[in-house]
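Just coords_9.cif here, mmCIF, C-alpha atoms:
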data_structure
#
loop_
_atom_site.label_atom_id
_atom_site.label_comp_id
_atom_site.auth_asym_id
_atom_site.auth_seq_id
_atom_site.Cartn_x
_atom_site.Cartn_y
_atom_site.Cartn_z
CA MET W 1 106.29 112.16 90.61
CA LEU W 2 104.97 114.47 93.32
CA ASN W 3 107.03 117.22 94.96
CA HIS W 4 106.94 118.45 98.56
CA GLU W 5 104.17 121.01 97.93
CA ALA W 6 101.90 118.45 96.27
CA ILE W 7 102.52 116.00 99.12
CA ALA W 8 101.75 118.66 101.77
CA ALA W 9 98.37 119.22 100.13
CA LEU W 10 97.46 115.56 100.72
CA VAL W 11 98.80 114.69 104.19
CA PRO W 12 97.75 116.01 107.61
CA HIS W 13 101.20 117.44 108.43
CA GLN W 14 102.14 120.88 107.16
CA GLY W 15 105.19 123.13 107.14
CA ALA W 16 108.38 121.59 108.45
CA MET W 17 106.40 118.62 109.81
CA CYS W 18 105.69 117.43 106.26
CA LEU W 19 108.85 115.32 106.06
CA LEU W 20 108.55 113.80 102.57
CA ASP W 21 110.19 115.56 99.64
CA ARG W 22 109.15 113.35 96.74
CA ALA W 23 106.74 110.56 95.86
CA LEU W 24 108.59 108.58 93.19
CA SER W 25 106.00 105.95 92.33
CA TRP W 26 102.80 104.38 93.59
CA ASP W 27 100.13 101.89 92.63
CA ALA W 28 97.11 100.37 94.36
CA GLU W 29 99.25 98.51 96.91
CA ARG W 30 102.49 100.43 97.48
CA ILE W 31 104.22 103.78 97.46
CA LEU W 32 107.87 104.78 97.21
CA CYS W 33 108.93 108.17 98.53
CA GLU W 34 112.16 110.05 99.24
CA ALA W 35 113.09 112.50 101.94
CA ASP W 36 116.02 114.84 102.41
CA SER W 37 114.63 116.49 105.55
CA HIS W 38 116.44 114.03 107.84
CA ALA W 39 119.67 115.93 107.17
CA LEU W 40 118.30 119.39 107.97
CA GLY W 41 119.32 121.00 111.24
CA SER W 42 115.81 122.48 111.34
CA ASN W 43 114.04 119.10 111.25
CA PRO W 44 111.35 119.44 113.95
CA LEU W 45 111.95 115.90 115.23
CA ARG W 46 115.59 116.53 116.13
CA ARG W 47 116.48 116.39 119.79
CA GLY W 48 119.87 117.38 121.18
CA GLY W 49 121.15 118.06 117.66
CA MET W 50 120.37 114.53 116.40
CA LEU W 51 117.57 112.63 114.71
CA PRO W 52 117.08 109.21 116.34
CA ALA W 53 116.17 106.34 114.00
CA VAL W 54 112.85 105.83 115.78
CA CYS W 55 111.74 109.16 114.25
CA GLY W 56 111.72 107.31 110.94
CA LEU W 57 108.32 106.01 112.00
CA GLU W 58 106.91 109.45 111.23
CA PHE W 59 108.40 109.36 107.72
CA ALA W 60 106.77 105.96 107.16
CA LEU W 61 103.42 107.08 108.57
CA GLN W 62 103.38 110.08 106.26
CA ALA W 63 104.09 107.83 103.27
CA MET W 64 101.12 105.69 104.35
CA ALA W 65 98.88 108.77 104.64
CA LEU W 66 100.00 109.95 101.20
CA HIS W 67 99.26 106.54 99.71
CA GLY W 68 95.80 106.62 101.27
CA ALA W 69 95.12 110.04 99.75
CA LEU W 70 96.35 108.99 96.32
CA SER W 71 94.36 105.75 96.48
CA ALA W 72 91.25 107.81 97.26
CA GLY W 73 91.67 109.83 94.09
CA GLY W 74 93.60 112.71 95.60
CA VAL W 75 91.31 113.38 98.55
CA PRO W 76 93.49 114.68 101.43
CA GLN W 77 94.02 112.08 104.17
CA ARG W 78 92.40 112.86 107.51
CA ALA W 79 94.56 112.68 110.61
CA GLY W 80 94.62 109.33 112.34
CA PHE W 81 96.07 107.62 115.38
CA VAL W 82 98.69 104.88 115.48
CA SER W 83 97.01 101.87 117.06
CA SER W 84 99.88 99.41 116.85
CA LEU W 85 103.46 98.93 115.74
CA ARG W 86 104.81 95.43 115.12
CA ASP W 87 108.08 93.84 114.19
CA VAL W 88 109.91 97.20 114.24
CA ARG W 89 113.60 96.74 113.46
CA MET W 90 116.22 99.46 113.52
CA GLY W 91 119.38 99.05 111.46
CA THR W 92 120.92 102.30 112.70
CA ALA W 93 120.79 104.53 115.75
CA ARG W 94 120.45 107.85 113.88
CA LEU W 95 119.00 109.13 110.63
CA ASP W 96 120.77 112.50 110.50
CA THR W 97 124.11 110.81 109.77
CA ILE W 98 122.78 109.09 106.62
CA ALA W 99 124.18 110.64 103.44
CA GLY W 100 121.75 111.17 100.59
CA PRO W 101 117.99 110.74 100.57
CA LEU W 102 115.99 108.31 102.66
CA ARG W 103 113.85 105.95 100.56
CA ILE W 104 110.55 105.17 102.21
CA GLU W 105 108.46 102.28 100.92
CA ALA W 106 105.04 101.40 102.32
CA VAL W 107 102.95 98.41 101.25
CA ALA W 108 99.25 98.26 102.14
CA LEU W 109 98.10 95.07 103.83
CA VAL W 110 94.64 96.40 104.76
CA ALA W 111 93.12 99.71 103.64
CA GLU W 112 89.61 100.76 104.66
CA ALA W 113 87.85 104.05 105.36
CA GLY W 114 88.32 103.55 109.12
CA GLY W 115 92.01 102.74 109.03
CA PHE W 116 94.86 100.89 107.44
CA ILE W 117 97.76 98.52 108.07
CA TYR W 118 101.04 98.82 106.17
CA ARG W 119 104.44 97.15 106.11
CA PHE W 120 107.17 99.73 105.70
CA GLU W 121 110.89 100.05 105.16
CA ILE W 122 113.17 103.06 105.25
CA ALA W 123 116.49 102.63 103.48
CA GLY W 124 119.54 104.78 102.94
CA GLU W 125 123.15 104.28 101.95
CA GLY W 126 122.13 100.95 100.41
CA ARG W 127 120.84 99.37 103.61
CA SER W 128 117.67 99.01 105.66
CA LEU W 129 117.50 101.61 108.42
CA LEU W 130 114.05 100.95 109.87
CA SER W 131 111.29 98.50 109.03
CA GLY W 132 108.12 97.11 110.51
CA GLN W 133 104.36 97.21 110.39
CA ALA W 134 102.00 99.97 111.52
CA ALA W 135 98.24 100.14 111.98
CA VAL W 136 96.43 103.48 111.96
CA ILE W 137 92.83 104.25 112.94
CA ILE W 138 91.07 107.10 111.12
CA PRO W 139 88.29 108.50 113.32
#
Representation of the structure as C-alpha cells:
Amino acid sequence: MLNHEAIAALVPHQGAMCLLDRALSWDAERILCEADSHALGSNPLRRGGMLPAVCGLEFALQAMALHGALSAGGVPQRAGFVSSLRDVRMGTARLDTIAGPLRIEAVALVAEAGGFIYRFEIAGEGRSLLSGQAAVIIP
C-alpha cells in the first residue's frame, strides 16, 4: 500500500491538488486507490462550497498517472493532456456528500510512452459514482 506522500512523489500534482490518499493494490493492468479529500472543505476543486461529480475525473486521472509511474518502476509520471473522454456516466451530482472514502479503479487498455487509455470507475457508498474512459497524451 502507498500513502499520500508516496503517491505525491509519483504524480504531477502536488500539495492539496494530489487528491489520492492511498493506493491499495495494483498490477500490470489495473490500480485501486482511495481518497478522502472529496470531503475536505479545503479541496481545491470545490466551487460554491460543493464538489461536483465531474471533478471525479481528476481523481481518476491521478490514479492513471500513478499506475503509469508504478508500471515504469517508480519513475514519476510526467504531466500529460487529456485528449478524449468517452462513455462518461455520472451516478451522482456531488462527491462531497459521499460518506467514507472514494474508491478509484483504473484499468489500462493501452499504455505507451507517448500516452495511455484507461477505463475508470469511482465508487462510494456501495455504488458507482462516475465511470468512463479517458485518453491522455504525454508530450
Residues selected by the PyMOL selection byres ((chain W and resi 12) around 8), written as JSON, numbers by chain: {"W": [8, 10, 11, 13, 14, 65, 76, 77, 78, 79]}
Please work out which residues fall within 12 Å of (116.5, 118.8, 109.4), coordinates as given in the file, with all atoms listed in the file counting, and return them as a compact mmCIF listing (two decimals) with C-alpha atoms, keeping the file's coordinate frame.
# COMPACT_ATOMS: atom_id res chain seq x y z
CA ALA W 16 108.38 121.59 108.45
CA MET W 17 106.40 118.62 109.81
CA CYS W 18 105.69 117.43 106.26
CA LEU W 19 108.85 115.32 106.06
CA LEU W 20 108.55 113.80 102.57
CA ALA W 35 113.09 112.50 101.94
CA ASP W 36 116.02 114.84 102.41
CA SER W 37 114.63 116.49 105.55
CA HIS W 38 116.44 114.03 107.84
CA ALA W 39 119.67 115.93 107.17
CA LEU W 40 118.30 119.39 107.97
CA GLY W 41 119.32 121.00 111.24
CA SER W 42 115.81 122.48 111.34
CA ASN W 43 114.04 119.10 111.25
CA PRO W 44 111.35 119.44 113.95
CA LEU W 45 111.95 115.90 115.23
CA ARG W 46 115.59 116.53 116.13
CA ARG W 47 116.48 116.39 119.79
CA GLY W 49 121.15 118.06 117.66
CA MET W 50 120.37 114.53 116.40
CA LEU W 51 117.57 112.63 114.71
CA PRO W 52 117.08 109.21 116.34
CA CYS W 55 111.74 109.16 114.25
CA LEU W 95 119.00 109.13 110.63
CA ASP W 96 120.77 112.50 110.50
CA THR W 97 124.11 110.81 109.77
CA ILE W 98 122.78 109.09 106.62
Selection under test: the PyMOL selection byres ((chain W and resi 123) around 12); residues as a ChimeraX atom specification: /W:32-35,53,56,59-60,89-92,95,98-106,120-122,124-131
Exercise: residues within 10 Å of coordinate (104.8, 95.1, 95.4), counting only C-alpha atoms, as JSON, numbers by chain: {"W": [26, 27, 28, 29, 30, 31, 105, 106, 107, 108]}
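Take the candidates W:Val54, W:Val136, W:Ala6, W:Leu70 and check each one against Gly114 in chain W using all atoms listed in the file; the shortest distance goes to W:Val136.
Using only C-alpha atoms, the protein and nucleic acid residues lying no more than 10 Å from Val110 in chain W, apart from those fewer than 3 places from it along its own chain, are Glu29, Val107, Gly115, Phe116, Ile117, Tyr118, Arg119 and Ala135 of chain W.
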Using C-alpha atoms, can you export the residues from the last selection as an mmCIF file, in the coordinates of the input?
data_model
loop_
_atom_site.group_PDB
_atom_site.id
_atom_site.type_symbol
_atom_site.label_atom_id
_atom_site.label_comp_id
_atom_site.auth_asym_id
_atom_site.auth_seq_id
_atom_site.Cartn_x
_atom_site.Cartn_y
_atom_site.Cartn_z
ATOM 1 C CA GLU W 29 99.250 98.510 96.910
ATOM 2 C CA VAL W 107 102.950 98.410 101.250
ATOM 3 C CA GLY W 115 92.010 102.740 109.030
ATOM 4 C CA PHE W 116 94.860 100.890 107.440
ATOM 5 C CA ILE W 117 97.760 98.520 108.070
ATOM 6 C CA TYR W 118 101.040 98.820 106.170
ATOM 7 C CA ARG W 119 104.440 97.150 106.110
ATOM 8 C CA ALA W 135 98.240 100.140 111.980
#
Residue neighbourhood Ala23 in chain W, 6 Å, all atoms listed in the file, exclusion window fewer than 2 positions, as a list in words: Met1, Leu2, Ser25 and Cys33 of chain W
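The interatomic distance for the pair CA of Val75 in chain W and CA of Ile7 in chain W works out to 11.5 Å.
The space between CA of Gly15 in chain W and CA of Val88 in chain W spans 27.3 Å.
Between Ser71 in chain W and the candidates W:Ala134, W:Ala113, W:Ala93, W:Leu85, the tightest atom-to-atom separation, counting only C-alpha atoms, involves W:Ala113.
Remark: for Ala69 in chain W, the closest of the candidate residues W:Gly48, W:Asn3, W:Ser83, W:Ala9 is W:Ala9 (distances computed over all atoms listed in the file).
Closest approach to Gly132 in chain W from the set W:Gln62, W:Asp87, W:Asp21, W:Ala111 is made by W:Asp87, with distances taken over only C-alpha atoms.
Atom to atom, CA of Arg22 in chain W and CA of Gln133 in chain W stand 21.7 Å apart.
Each of W:Gly73, W:Phe81, W:Ala63, W:Leu57 was checked against Pro139 in chain W using only C-alpha atoms; the smallest atom-to-atom distance is that of W:Phe81.
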